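Quick look at coords.cif (mmCIF, C-alpha atoms):
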```cif
data_input
#
loop_
_atom_site.group_PDB
_atom_site.id
_atom_site.type_symbol
_atom_site.label_atom_id
_atom_site.label_comp_id
_atom_site.auth_asym_id
_atom_site.auth_seq_id
_atom_site.Cartn_x
_atom_site.Cartn_y
_atom_site.Cartn_z
ATOM 1 C CA MET A 1 135.151 -36.231 13.313
ATOM 2 C CA LYS A 2 132.204 -34.238 12.062
ATOM 3 C CA GLN A 3 133.156 -30.886 10.519
ATOM 4 C CA ASN A 4 130.993 -27.798 10.984
ATOM 5 C CA TYR A 5 130.727 -25.763 7.799
ATOM 6 C CA TYR A 6 129.291 -22.287 7.610
ATOM 7 C CA LYS A 7 126.682 -21.940 4.880
ATOM 8 C CA HIS A 8 126.874 -18.429 3.538
ATOM 9 C CA LYS A 9 123.491 -16.992 2.595
ATOM 10 C CA ILE A 10 123.721 -15.253 -0.772
ATOM 11 C CA GLU A 11 122.712 -11.613 -0.730
ATOM 12 C CA ASN A 12 120.816 -10.520 -3.828
ATOM 13 C CA LEU A 13 121.562 -6.919 -4.724
ATOM 14 C CA LEU A 14 119.109 -6.995 -7.624
ATOM 15 C CA LEU A 15 116.501 -9.686 -8.099
ATOM 16 C CA VAL A 16 114.469 -9.708 -11.302
ATOM 17 C CA SER A 17 111.300 -11.627 -10.471
ATOM 18 C CA LYS A 18 109.487 -11.451 -13.825
ATOM 19 C CA ILE A 19 110.209 -10.695 -17.475
ATOM 20 C CA VAL A 20 107.267 -8.974 -19.156
ATOM 21 C CA THR A 21 108.276 -8.318 -22.770
ATOM 22 C CA ILE A 22 111.393 -8.468 -24.927
ATOM 23 C CA HIS A 23 111.636 -6.643 -28.241
ATOM 24 C CA TYR A 24 114.214 -5.995 -30.917
ATOM 25 C CA PHE A 25 112.732 -3.488 -33.330
ATOM 26 C CA GLU A 26 113.921 -2.361 -36.759
ATOM 27 C CA PHE A 27 111.864 0.807 -37.003
ATOM 28 C CA ASP A 28 111.262 2.915 -40.082
ATOM 29 C CA LYS A 29 112.583 6.477 -39.926
ATOM 30 C CA ASN A 30 109.064 7.880 -39.360
ATOM 31 C CA PHE A 31 108.031 5.519 -36.554
ATOM 32 C CA ALA A 32 106.294 7.078 -33.526
ATOM 33 C CA SER A 33 104.623 5.245 -30.627
ATOM 34 C CA LYS A 34 101.378 6.306 -28.956
ATOM 35 C CA GLY A 35 102.925 6.347 -25.499
ATOM 36 C CA GLU A 36 102.232 4.212 -22.440
ATOM 37 C CA SER A 37 102.801 3.729 -18.729
ATOM 38 C CA HIS A 38 102.858 0.488 -16.709
ATOM 39 C CA ASP A 39 103.708 -0.833 -13.262
ATOM 40 C CA PHE A 40 107.096 -2.355 -14.166
ATOM 41 C CA TRP A 41 110.533 -1.239 -15.355
ATOM 42 C CA GLU A 42 111.541 -0.785 -18.968
ATOM 43 C CA LEU A 43 115.049 -0.622 -20.445
ATOM 44 C CA VAL A 44 115.447 0.989 -23.891
ATOM 45 C CA TYR A 45 118.727 0.593 -25.798
ATOM 46 C CA ALA A 46 119.596 2.337 -29.091
ATOM 47 C CA ASP A 47 121.513 -0.396 -30.942
ATOM 48 C CA LYS A 48 121.762 1.372 -34.286
ATOM 49 C CA GLU A 49 121.227 5.069 -35.008
ATOM 50 C CA SER A 50 119.594 7.475 -32.533
ATOM 51 C CA ILE A 51 116.045 7.510 -31.167
ATOM 52 C CA VAL A 52 113.844 10.081 -29.448
ATOM 53 C CA CYS A 53 112.316 9.152 -26.088
ATOM 54 C CA THR A 54 110.088 11.071 -23.713
ATOM 55 C CA ALA A 55 109.663 10.461 -19.974
ATOM 56 C CA ASN A 56 106.787 12.298 -18.297
ATOM 57 C CA GLY A 57 106.869 14.885 -21.071
ATOM 58 C CA LYS A 58 110.650 15.431 -21.070
ATOM 59 C CA GLU A 59 112.369 14.721 -24.411
ATOM 60 C CA ILE A 60 115.529 12.601 -24.301
ATOM 61 C CA ILE A 61 117.749 11.808 -27.286
ATOM 62 C CA LEU A 62 119.331 8.361 -27.127
ATOM 63 C CA ASN A 63 122.352 8.088 -29.390
ATOM 64 C CA GLU A 64 123.624 4.758 -30.695
ATOM 65 C CA GLY A 65 125.090 2.766 -27.783
ATOM 66 C CA GLU A 66 123.077 4.561 -25.090
ATOM 67 C CA LEU A 67 120.293 3.184 -22.902
ATOM 68 C CA LEU A 68 117.508 4.664 -20.821
ATOM 69 C CA PHE A 69 115.392 3.353 -17.954
ATOM 70 C CA HIS A 70 111.687 4.072 -17.475
ATOM 71 C CA LYS A 71 110.569 3.535 -13.886
ATOM 72 C CA PRO A 72 107.140 2.055 -13.063
ATOM 73 C CA ASN A 73 104.134 4.263 -13.880
ATOM 74 C CA GLU A 74 106.232 6.758 -15.858
ATOM 75 C CA PHE A 75 104.480 7.793 -19.059
ATOM 76 C CA HIS A 76 106.864 7.438 -21.992
ATOM 77 C CA THR A 77 106.975 7.482 -25.781
ATOM 78 C CA LEU A 78 109.456 6.405 -28.430
ATOM 79 C CA SER A 79 110.011 7.633 -31.985
ATOM 80 C CA ALA A 80 112.552 7.678 -34.799
ATOM 81 C CA ASN A 81 114.202 10.977 -35.716
ATOM 82 C CA GLU A 82 112.657 11.072 -39.244
ATOM 83 C CA LYS A 83 116.165 10.949 -40.740
ATOM 84 C CA LYS A 84 117.462 7.425 -40.194
ATOM 85 C CA ALA A 85 115.788 4.086 -39.394
ATOM 86 C CA PRO A 86 116.877 2.925 -35.904
ATOM 87 C CA ASN A 87 117.244 -0.536 -34.369
ATOM 88 C CA VAL A 88 116.090 -0.637 -30.746
ATOM 89 C CA PHE A 89 116.247 -3.263 -27.978
ATOM 90 C CA ILE A 90 113.577 -3.030 -25.271
ATOM 91 C CA ILE A 91 113.106 -5.284 -22.269
ATOM 92 C CA SER A 92 110.511 -4.741 -19.555
ATOM 93 C CA PHE A 93 110.728 -6.501 -16.211
ATOM 94 C CA VAL A 94 109.626 -6.595 -12.585
ATOM 95 C CA CYS A 95 112.184 -5.865 -9.890
ATOM 96 C CA LYS A 96 111.231 -4.965 -6.304
ATOM 97 C CA SER A 97 114.792 -4.665 -4.984
ATOM 98 C CA GLU A 98 115.613 -1.335 -3.355
ATOM 99 C CA ALA A 99 118.810 -1.052 -5.426
ATOM 100 C CA ILE A 100 116.841 -0.812 -8.675
ATOM 101 C CA ARG A 101 116.020 2.790 -7.769
ATOM 102 C CA PHE A 102 119.588 3.581 -8.817
ATOM 103 C CA PHE A 103 118.323 3.551 -12.417
ATOM 104 C CA GLU A 104 115.529 6.095 -11.954
ATOM 105 C CA GLU A 105 115.803 8.796 -14.648
ATOM 106 C CA LYS A 106 119.136 7.303 -15.757
ATOM 107 C CA LYS A 107 120.539 7.591 -19.287
ATOM 108 C CA LEU A 108 123.781 5.627 -19.595
ATOM 109 C CA ASN A 109 126.335 4.697 -22.211
ATOM 110 C CA LEU A 110 126.554 0.929 -22.622
ATOM 111 C CA ASP A 111 130.255 0.041 -22.646
ATOM 112 C CA LYS A 112 131.426 -2.295 -25.382
ATOM 113 C CA ASP A 113 132.154 -5.092 -22.908
ATOM 114 C CA LEU A 114 128.519 -5.069 -21.721
ATOM 115 C CA ARG A 115 126.820 -4.985 -25.125
ATOM 116 C CA LYS A 116 127.309 -8.714 -25.466
ATOM 117 C CA PHE A 117 124.756 -9.238 -22.663
ATOM 118 C CA VAL A 118 122.091 -7.460 -24.715
ATOM 119 C CA TYR A 119 122.791 -9.717 -27.707
ATOM 120 C CA MET A 120 122.859 -12.823 -25.491
ATOM 121 C CA ILE A 121 119.442 -11.891 -24.061
ATOM 122 C CA ILE A 122 118.103 -11.457 -27.593
ATOM 123 C CA GLU A 123 119.450 -14.848 -28.692
ATOM 124 C CA GLU A 124 118.039 -16.636 -25.620
ATOM 125 C CA SER A 125 114.683 -14.920 -26.165
ATOM 126 C CA LYS A 126 114.473 -16.190 -29.751
ATOM 127 C CA LYS A 127 115.079 -19.758 -28.533
ATOM 128 C CA THR A 128 112.671 -19.474 -25.593
ATOM 129 C CA PHE A 129 109.671 -17.420 -26.740
ATOM 130 C CA ASP A 130 107.633 -17.356 -29.935
ATOM 131 C CA LEU A 131 108.031 -13.618 -30.492
ATOM 132 C CA PRO A 132 106.090 -11.955 -33.322
ATOM 133 C CA TYR A 133 108.059 -9.716 -35.657
ATOM 134 C CA SER A 134 108.132 -6.022 -34.720
ATOM 135 C CA ASN A 135 104.938 -5.852 -32.645
ATOM 136 C CA PRO A 136 105.023 -2.835 -30.289
ATOM 137 C CA ASP A 137 101.619 -3.829 -28.872
ATOM 138 C CA LEU A 138 102.812 -7.204 -27.548
ATOM 139 C CA LYS A 139 101.334 -7.801 -24.089
ATOM 140 C CA ARG A 140 102.119 -11.468 -23.505
ATOM 141 C CA MET A 141 105.053 -13.551 -24.686
ATOM 142 C CA GLU A 142 104.184 -17.120 -25.582
ATOM 143 C CA LEU A 143 106.688 -19.908 -25.002
ATOM 144 C CA ARG A 144 107.928 -21.767 -28.062
ATOM 145 C CA GLU A 145 106.569 -25.266 -28.543
ATOM 146 C CA ARG A 146 109.994 -26.619 -27.542
ATOM 147 C CA PRO A 147 111.792 -23.826 -25.657
ATOM 148 C CA THR A 148 115.504 -24.151 -25.027
ATOM 149 C CA LEU A 149 116.486 -25.712 -21.719
ATOM 150 C CA GLY A 150 116.774 -23.117 -18.952
ATOM 151 C CA GLY A 151 116.151 -20.224 -21.341
ATOM 152 C CA GLN A 152 113.916 -18.205 -19.007
ATOM 153 C CA GLN A 153 116.403 -18.458 -16.153
ATOM 154 C CA LEU A 154 119.303 -17.462 -18.400
ATOM 155 C CA ILE A 155 117.407 -14.380 -19.620
ATOM 156 C CA LYS A 156 116.755 -13.341 -16.012
ATOM 157 C CA ASN A 157 120.364 -14.017 -14.966
ATOM 158 C CA LEU A 158 121.833 -12.180 -17.960
ATOM 159 C CA LEU A 159 119.656 -9.151 -17.249
ATOM 160 C CA GLU A 160 120.700 -9.140 -13.580
ATOM 161 C CA ILE A 161 124.373 -9.380 -14.570
ATOM 162 C CA LEU A 162 123.932 -6.489 -17.006
ATOM 163 C CA LEU A 163 122.220 -4.315 -14.374
ATOM 164 C CA ILE A 164 124.801 -5.021 -11.665
ATOM 165 C CA ASN A 165 127.684 -4.280 -14.025
ATOM 166 C CA LEU A 166 126.045 -1.019 -15.077
ATOM 167 C CA MET A 167 125.846 -0.024 -11.407
ATOM 168 C CA ARG A 168 129.488 -0.987 -10.870
ATOM 169 C CA ASN A 169 130.649 1.012 -13.866
ATOM 170 C CA GLU A 170 128.877 4.133 -12.652
ATOM 171 C CA THR A 171 129.889 3.882 -8.985
ATOM 172 C CA GLU A 172 133.477 2.646 -9.314
ATOM 173 C CA LYS A 173 134.864 4.746 -12.180
ATOM 174 C CA GLU A 174 137.173 6.755 -9.952
ATOM 175 C CA ASN A 175 138.583 3.636 -8.294
ATOM 176 C CA SER A 176 139.237 1.664 -11.492
ATOM 177 C CA ASN A 177 142.602 -0.046 -11.811
ATOM 178 C CA GLU A 178 144.577 1.757 -14.533
ATOM 179 C CA THR A 179 146.472 -1.341 -15.654
ATOM 180 C CA PHE A 180 143.235 -3.273 -16.126
ATOM 181 C CA LEU A 181 141.668 -0.435 -18.054
ATOM 182 C CA PHE A 182 144.695 -0.224 -20.333
ATOM 183 C CA LYS A 183 144.484 -3.912 -21.185
ATOM 184 C CA GLU A 184 140.723 -3.719 -21.708
ATOM 185 C CA ASP A 185 141.152 -0.704 -23.952
ATOM 186 C CA PHE A 186 143.892 -2.474 -25.929
ATOM 187 C CA ASP A 187 141.769 -5.580 -26.454
ATOM 188 C CA GLY A 188 138.832 -3.384 -27.404
ATOM 189 C CA GLN A 189 140.923 -1.598 -30.010
ATOM 190 C CA ILE A 190 141.733 -4.933 -31.642
ATOM 191 C CA THR A 191 138.033 -5.743 -31.854
ATOM 192 C CA LYS A 192 137.257 -2.254 -33.139
ATOM 193 C CA ARG A 193 139.837 -2.669 -35.908
ATOM 194 C CA ILE A 194 138.407 -6.078 -36.871
ATOM 195 C CA ILE A 195 134.930 -4.537 -37.142
ATOM 196 C CA GLU A 196 136.311 -1.711 -39.295
ATOM 197 C CA ILE A 197 137.879 -4.256 -41.668
ATOM 198 C CA LEU A 198 134.654 -6.289 -41.790
ATOM 199 C CA ASN A 199 132.679 -3.162 -42.687
ATOM 200 C CA GLU A 200 135.206 -2.204 -45.352
ATOM 201 C CA ASN A 201 134.829 -5.650 -46.948
ATOM 202 C CA VAL A 202 131.105 -6.244 -46.342
ATOM 203 C CA LYS A 203 130.437 -6.464 -50.090
ATOM 204 C CA GLY A 204 133.190 -8.976 -50.667
ATOM 205 C CA ASN A 205 134.755 -12.101 -49.251
ATOM 206 C CA LEU A 206 137.108 -12.060 -46.284
ATOM 207 C CA SER A 207 138.786 -14.985 -44.542
ATOM 208 C CA ILE A 208 140.244 -15.289 -41.054
ATOM 209 C CA LYS A 209 143.623 -15.728 -42.735
ATOM 210 C CA ASP A 210 143.163 -12.330 -44.405
ATOM 211 C CA LEU A 211 142.420 -10.737 -41.030
ATOM 212 C CA CYS A 212 145.465 -12.334 -39.404
ATOM 213 C CA GLU A 213 147.680 -10.983 -42.170
ATOM 214 C CA LYS A 214 146.197 -7.490 -41.964
ATOM 215 C CA LEU A 215 146.516 -7.254 -38.163
ATOM 216 C CA ASN A 216 149.626 -9.405 -37.581
ATOM 217 C CA TYR A 217 147.986 -11.513 -34.869
ATOM 218 C CA ASN A 218 147.349 -15.232 -34.771
ATOM 219 C CA ARG A 219 143.939 -16.782 -35.315
ATOM 220 C CA SER A 220 143.313 -17.917 -31.718
ATOM 221 C CA TYR A 221 144.079 -14.476 -30.246
ATOM 222 C CA LEU A 222 141.735 -12.683 -32.649
ATOM 223 C CA PHE A 223 139.010 -15.267 -32.042
ATOM 224 C CA ARG A 224 139.335 -14.970 -28.255
ATOM 225 C CA GLN A 225 139.367 -11.165 -28.054
ATOM 226 C CA PHE A 226 136.528 -10.680 -30.537
ATOM 227 C CA LYS A 227 134.263 -13.227 -28.839
ATOM 228 C CA ALA A 228 135.001 -11.776 -25.384
ATOM 229 C CA THR A 229 134.078 -8.268 -26.564
ATOM 230 C CA THR A 230 131.083 -8.923 -28.816
ATOM 231 C CA GLY A 231 129.775 -12.324 -27.742
ATOM 232 C CA LYS A 232 129.944 -13.488 -31.384
ATOM 233 C CA THR A 233 132.461 -15.223 -33.606
ATOM 234 C CA ILE A 234 134.112 -13.089 -36.270
ATOM 235 C CA MET A 235 132.417 -14.800 -39.211
ATOM 236 C CA ALA A 236 129.001 -14.783 -37.506
ATOM 237 C CA TYR A 237 129.403 -11.037 -36.991
ATOM 238 C CA PHE A 238 130.479 -10.621 -40.638
ATOM 239 C CA THR A 239 127.427 -12.520 -41.839
ATOM 240 C CA ASN A 240 125.152 -10.377 -39.653
ATOM 241 C CA LEU A 241 126.701 -7.243 -41.153
ATOM 242 C CA LYS A 242 125.881 -8.495 -44.644
ATOM 243 C CA ILE A 243 122.322 -9.401 -43.630
ATOM 244 C CA ASP A 244 121.785 -5.990 -41.985
ATOM 245 C CA ARG A 245 122.896 -4.221 -45.170
ATOM 246 C CA ALA A 246 120.699 -6.552 -47.210
ATOM 247 C CA LYS A 247 117.696 -5.645 -45.028
ATOM 248 C CA LYS A 248 118.141 -1.972 -45.870
ATOM 249 C CA LEU A 249 118.204 -2.718 -49.599
ATOM 250 C CA LEU A 250 115.073 -4.857 -49.283
ATOM 251 C CA ARG A 251 113.303 -2.036 -47.419
ATOM 252 C CA LYS A 252 114.467 0.875 -49.534
ATOM 253 C CA THR A 253 115.124 -0.384 -53.092
ATOM 254 C CA ASP A 254 113.589 -2.536 -55.822
ATOM 255 C CA MET A 255 116.655 -4.773 -56.106
ATOM 256 C CA THR A 256 115.905 -8.474 -56.546
ATOM 257 C CA VAL A 257 117.050 -11.231 -54.209
ATOM 258 C CA THR A 258 119.573 -12.315 -56.838
ATOM 259 C CA GLN A 259 120.978 -8.793 -57.175
ATOM 260 C CA ILE A 260 121.317 -8.374 -53.409
ATOM 261 C CA SER A 261 122.913 -11.800 -53.112
ATOM 262 C CA GLU A 262 125.531 -10.771 -55.670
ATOM 263 C CA GLU A 263 125.957 -7.353 -54.030
ATOM 264 C CA PHE A 264 127.170 -8.989 -50.809
ATOM 265 C CA ALA A 265 129.115 -11.852 -52.413
ATOM 266 C CA PHE A 266 126.948 -14.761 -51.265
ATOM 267 C CA ASP A 267 127.696 -18.017 -53.074
ATOM 268 C CA SER A 268 124.200 -18.159 -54.557
ATOM 269 C CA PRO A 269 120.721 -16.590 -54.154
ATOM 270 C CA ASN A 270 119.567 -19.822 -52.513
ATOM 271 C CA TYR A 271 122.364 -19.683 -49.922
ATOM 272 C CA PHE A 272 121.617 -15.998 -49.310
ATOM 273 C CA SER A 273 117.919 -16.779 -48.725
ATOM 274 C CA LYS A 274 118.704 -19.622 -46.317
ATOM 275 C CA THR A 275 121.163 -17.457 -44.372
ATOM 276 C CA PHE A 276 118.712 -14.548 -44.291
ATOM 277 C CA LYS A 277 115.923 -16.746 -42.913
ATOM 278 C CA LYS A 278 118.212 -18.357 -40.338
ATOM 279 C CA THR A 279 119.215 -14.892 -39.111
ATOM 280 C CA THR A 280 115.867 -13.076 -39.233
ATOM 281 C CA GLY A 281 113.228 -15.818 -39.224
ATOM 282 C CA TYR A 282 111.921 -14.623 -42.607
ATOM 283 C CA THR A 283 112.826 -15.177 -46.237
ATOM 284 C CA PRO A 284 114.015 -12.039 -48.073
ATOM 285 C CA LEU A 285 110.702 -11.832 -49.962
ATOM 286 C CA GLN A 286 108.664 -12.169 -46.753
ATOM 287 C CA TYR A 287 110.762 -9.453 -45.113
ATOM 288 C CA LYS A 288 110.315 -7.150 -48.111
ATOM 289 C CA LYS A 289 106.554 -7.717 -48.140
ATOM 290 C CA ILE A 290 106.244 -6.878 -44.429
ATOM 291 C CA HIS A 291 107.936 -3.525 -44.943
ATOM 292 C CA GLN A 292 106.027 -2.753 -48.139
ATOM 293 C CA ASN A 293 102.782 -3.230 -46.187
ATOM 294 C CA LYS A 294 103.992 -0.760 -43.532
ATOM 295 C CA ASN A 295 104.609 1.998 -46.058
#
```
Let me see the file written as structure tokens.
Amino acid sequence: MKQNYYKHKIENLLLVSKIVTIHYFEFDKNFASKGESHDFWELVYADKESIVCTANGKEIILNEGELLFHKPNEFHTLSANEKKAPNVFIISFVCKSEAIRFFEEKKLNLDKDLRKFVYMIIEESKKTFDLPYSNPDLKRMELRERPTLGGQQLIKNLLEILLINLMRNETEKENSNETFLFKEDFDGQITKRIIEILNENVKGNLSIKDLCEKLNYNRSYLFRQFKATTGKTIMAYFTNLKIDRAKKLLRKTDMTVTQISEEFAFDSPNYFSKTFKKTTGYTPLQYKKIHQNKN
């Protein structure tokens, strides 16, 4: 006997139809943009240190971990605070859904469980587009010669997931389940403690066994909670910490590649250089030269 099935039409709350640009900037402390306006949305996220934004002449300070939305045709600028060099994620996109108006003039804190979507978008972008290093004037993203399979769709989907979860967080705070929040907070505290230990040991060597002994948890639990919170493995995060610190020394000091390699306990200068290039796309000397030319 033939069965009649109901085919449920999926309702799209937010539909991102186009991605315009994707940036991850490591600005100098004196950076200041000229300002612009355009007919699409822009999301600005302060990943490290604070930044100064303006929207139609109104100054807005974005502290580390906060994000801001610029609606279409809103004139806006971006600058560093002249004290510390910030890292900033920016993605601009087209969305015609009515629900997107929720983000007009919104400055939000990006919860730790949502930050992984920003980093996943960045990683997919690197594998999908041939993005020039730190180019604020980028108007068109070119596809890589061999882009990763489904990369463009994943970027769109990840952005939509991020936006929907931001809306949920803001509209459902009062109705949150206390038990769930307690567990989430507990798991987050474990990740926070791991990150503290990684930072404390960034100039040395640290094994997963060391972490397990310090925190009294087994390897699989630490792996699972850290990956769920950050989107990265513990050792990948540790390596990125070392590379980030190395970048600052390359920008601000005359230390050699060998000295910096030893400073952060890499096995050899050659291994440090290979790891640096794999992470940033540039050798340490190329990175240093880029920033010398800016100054």
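Across the structure, atom CA of Lys34 of chain A and atom CA of Thr77 of chain A are spaced 6.5 Å apart.
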- Query: Of the candidates A:Lys58, A:Lys214, A:Lys7, A:Arg140, which one gets nearest to Leu78 of chain A if we count only C-alpha atoms?
  - Reply: A:Lys58
- For the structure shown, which residues end up in the PyMOL selection byres ((chain A and resi 187-201) around 12)? Put them as a PyMOL selection string, please? chain A and resi 111-114+180-186+202-208+210-217+221-242+244-245+263-265
Would you save the residues of that selection, restricted to C-alpha atoms, as a short mmCIF file (atom, residue, chain, number, x, y, z; two decimals), in the frame of the given file?
```
data_model
loop_
_atom_site.label_atom_id
_atom_site.label_comp_id
_atom_site.auth_asym_id
_atom_site.auth_seq_id
_atom_site.Cartn_x
_atom_site.Cartn_y
_atom_site.Cartn_z
CA ASP A 111 130.26 0.04 -22.65
CA LYS A 112 131.43 -2.30 -25.38
CA ASP A 113 132.15 -5.09 -22.91
CA LEU A 114 128.52 -5.07 -21.72
CA PHE A 180 143.24 -3.27 -16.13
CA LEU A 181 141.67 -0.44 -18.05
CA PHE A 182 144.70 -0.22 -20.33
CA LYS A 183 144.48 -3.91 -21.18
CA GLU A 184 140.72 -3.72 -21.71
CA ASP A 185 141.15 -0.70 -23.95
CA PHE A 186 143.89 -2.47 -25.93
CA VAL A 202 131.10 -6.24 -46.34
CA LYS A 203 130.44 -6.46 -50.09
CA GLY A 204 133.19 -8.98 -50.67
CA ASN A 205 134.76 -12.10 -49.25
CA LEU A 206 137.11 -12.06 -46.28
CA SER A 207 138.79 -14.98 -44.54
CA ILE A 208 140.24 -15.29 -41.05
CA ASP A 210 143.16 -12.33 -44.40
CA LEU A 211 142.42 -10.74 -41.03
CA CYS A 212 145.46 -12.33 -39.40
CA GLU A 213 147.68 -10.98 -42.17
CA LYS A 214 146.20 -7.49 -41.96
CA LEU A 215 146.52 -7.25 -38.16
CA ASN A 216 149.63 -9.40 -37.58
CA TYR A 217 147.99 -11.51 -34.87
CA TYR A 221 144.08 -14.48 -30.25
CA LEU A 222 141.74 -12.68 -32.65
CA PHE A 223 139.01 -15.27 -32.04
CA ARG A 224 139.34 -14.97 -28.26
CA GLN A 225 139.37 -11.16 -28.05
CA PHE A 226 136.53 -10.68 -30.54
CA LYS A 227 134.26 -13.23 -28.84
CA ALA A 228 135.00 -11.78 -25.38
CA THR A 229 134.08 -8.27 -26.56
CA THR A 230 131.08 -8.92 -28.82
CA GLY A 231 129.78 -12.32 -27.74
CA LYS A 232 129.94 -13.49 -31.38
CA THR A 233 132.46 -15.22 -33.61
CA ILE A 234 134.11 -13.09 -36.27
CA MET A 235 132.42 -14.80 -39.21
CA ALA A 236 129.00 -14.78 -37.51
CA TYR A 237 129.40 -11.04 -36.99
CA PHE A 238 130.48 -10.62 -40.64
CA THR A 239 127.43 -12.52 -41.84
CA ASN A 240 125.15 -10.38 -39.65
CA LEU A 241 126.70 -7.24 -41.15
CA LYS A 242 125.88 -8.49 -44.64
CA ASP A 244 121.78 -5.99 -41.98
CA ARG A 245 122.90 -4.22 -45.17
CA GLU A 263 125.96 -7.35 -54.03
CA PHE A 264 127.17 -8.99 -50.81
CA ALA A 265 129.12 -11.85 -52.41
#
```
Take the PyMOL selection byres ((chain A and resi 60-68) around 8), run it mentally on this structure, and tell me the resulting residues as a PDB file with C-alpha atoms, keeping the file's coordinate frame.
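Result file is result.pdb:
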```
ATOM      1  CA  LEU A  43     115.049  -0.622 -20.445  1.00  0.00           C
ATOM      2  CA  VAL A  44     115.447   0.989 -23.891  1.00  0.00           C
ATOM      3  CA  TYR A  45     118.727   0.593 -25.798  1.00  0.00           C
ATOM      4  CA  ALA A  46     119.596   2.337 -29.091  1.00  0.00           C
ATOM      5  CA  ASP A  47     121.513  -0.396 -30.942  1.00  0.00           C
ATOM      6  CA  LYS A  48     121.762   1.372 -34.286  1.00  0.00           C
ATOM      7  CA  GLU A  49     121.227   5.069 -35.008  1.00  0.00           C
ATOM      8  CA  SER A  50     119.594   7.475 -32.533  1.00  0.00           C
ATOM      9  CA  ILE A  51     116.045   7.510 -31.167  1.00  0.00           C
ATOM     10  CA  VAL A  52     113.844  10.081 -29.448  1.00  0.00           C
ATOM     11  CA  CYS A  53     112.316   9.152 -26.088  1.00  0.00           C
ATOM     12  CA  THR A  54     110.088  11.071 -23.713  1.00  0.00           C
ATOM     13  CA  ALA A  55     109.663  10.461 -19.974  1.00  0.00           C
ATOM     14  CA  LYS A  58     110.650  15.431 -21.070  1.00  0.00           C
ATOM     15  CA  GLU A  59     112.369  14.721 -24.411  1.00  0.00           C
ATOM     16  CA  PHE A  69     115.392   3.353 -17.954  1.00  0.00           C
ATOM     17  CA  HIS A  70     111.687   4.072 -17.475  1.00  0.00           C
ATOM     18  CA  GLU A 105     115.803   8.796 -14.648  1.00  0.00           C
ATOM     19  CA  LYS A 106     119.136   7.303 -15.757  1.00  0.00           C
ATOM     20  CA  LYS A 107     120.539   7.591 -19.287  1.00  0.00           C
ATOM     21  CA  LEU A 108     123.781   5.627 -19.595  1.00  0.00           C
ATOM     22  CA  ASN A 109     126.335   4.697 -22.211  1.00  0.00           C
ATOM     23  CA  LEU A 110     126.554   0.929 -22.622  1.00  0.00           C
ATOM     24  CA  ASP A 111     130.255   0.041 -22.646  1.00  0.00           C
TER      25      ASP A 111
END
```
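Minimum distance to Arg115 of chain A across A:Phe89, A:Asn56, A:Phe75, A:Pro269 (counting all atoms listed in the file) occurs at A:Phe89.
Atom CA of Leu154 of chain A lies 7.4 Å from atom CA of Glu124 of chain A.
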Convert the output of the PyMOL selection byres ((chain A and resi 25) around 8) on the shown file into explicit residues, formatted as a JSON list (two decimals) with C-alpha atoms, in the frame of the given file.
```
[["chain", "number", "residue", "atom", "x", "y", "z"],
["A", 23, "HIS", "CA", 111.64, -6.64, -28.24],
["A", 24, "TYR", "CA", 114.21, -6.00, -30.92],
["A", 26, "GLU", "CA", 113.92, -2.36, -36.76],
["A", 27, "PHE", "CA", 111.86, 0.81, -37.00],
["A", 87, "ASN", "CA", 117.24, -0.54, -34.37],
["A", 88, "VAL", "CA", 116.09, -0.64, -30.75],
["A", 89, "PHE", "CA", 116.25, -3.26, -27.98],
["A", 134, "SER", "CA", 108.13, -6.02, -34.72]]
```
- Message: From the options A:Ser33, A:Thr280, A:Ser268, A:Asn12, which residue's atoms come nearest to Glu98 of chain A, counting only C-alpha atoms?
- Response: A:Asn12
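Among the candidate residues A:Asp39, A:Val118, A:Lys139, A:Leu14, the one lying nearest to Ala99 of chain A is A:Leu14, with distances computed using all atoms listed in the file.
Across the structure, atom CA of Arg101 of chain A and atom CA of His76 of chain A are spaced 17.5 Å apart.
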- Item | Surrounding residues of Thr148 of chain A excluding itself and chain neighbours under 6 positions, 10 Å, only C-alpha atoms, as number ranges by chain | A: 124-129
Listed atoms of segment 39-47 of chain A, axis-aligned box, 6 Å per side: centre and edge lengths to one decimal in Å, as AutoDock Vina command-line options?
```
--center_x 112.6 --center_y 0.0 --center_z -22.1 --size_x 29.8 --size_y 16.7 --size_z 29.7
```
Thr21 of chain A surroundings by only C-alpha atoms, 8 Å radius, close-in-sequence under 5 positions cut, as a PDB file with C-alpha atoms, keeping the file's coordinate frame:
```pdb
ATOM      1  CA  ILE A  90     113.577  -3.030 -25.271  1.00  0.00           C
ATOM      2  CA  ILE A  91     113.106  -5.284 -22.269  1.00  0.00           C
ATOM      3  CA  SER A  92     110.511  -4.741 -19.555  1.00  0.00           C
ATOM      4  CA  PHE A  93     110.728  -6.501 -16.211  1.00  0.00           C
ATOM      5  CA  LEU A 138     102.812  -7.204 -27.548  1.00  0.00           C
ATOM      6  CA  LYS A 139     101.334  -7.801 -24.089  1.00  0.00           C
ATOM      7  CA  ARG A 140     102.119 -11.468 -23.505  1.00  0.00           C
ATOM      8  CA  MET A 141     105.053 -13.551 -24.686  1.00  0.00           C
TER       9      MET A 141
END
```
Just want the 12 Å neighbourhood of Gln286 of chain A, counted on all atoms listed in the file, with same-chain residues fewer than 3 positions away dropped. Output as a compact mmCIF listing (two decimals) with C-alpha atoms, keeping the file's coordinate frame.
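Okay, this is what ended up in out.txt:
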```txt
# COMPACT_ATOMS: atom_id res chain seq x y z
CA TYR A 133 108.06 -9.72 -35.66
CA LYS A 247 117.70 -5.64 -45.03
CA LEU A 250 115.07 -4.86 -49.28
CA ARG A 251 113.30 -2.04 -47.42
CA VAL A 257 117.05 -11.23 -54.21
CA SER A 273 117.92 -16.78 -48.72
CA PHE A 276 118.71 -14.55 -44.29
CA LYS A 277 115.92 -16.75 -42.91
CA THR A 280 115.87 -13.08 -39.23
CA GLY A 281 113.23 -15.82 -39.22
CA TYR A 282 111.92 -14.62 -42.61
CA THR A 283 112.83 -15.18 -46.24
CA LYS A 289 106.55 -7.72 -48.14
CA ILE A 290 106.24 -6.88 -44.43
CA HIS A 291 107.94 -3.52 -44.94
CA GLN A 292 106.03 -2.75 -48.14
CA ASN A 293 102.78 -3.23 -46.19
```
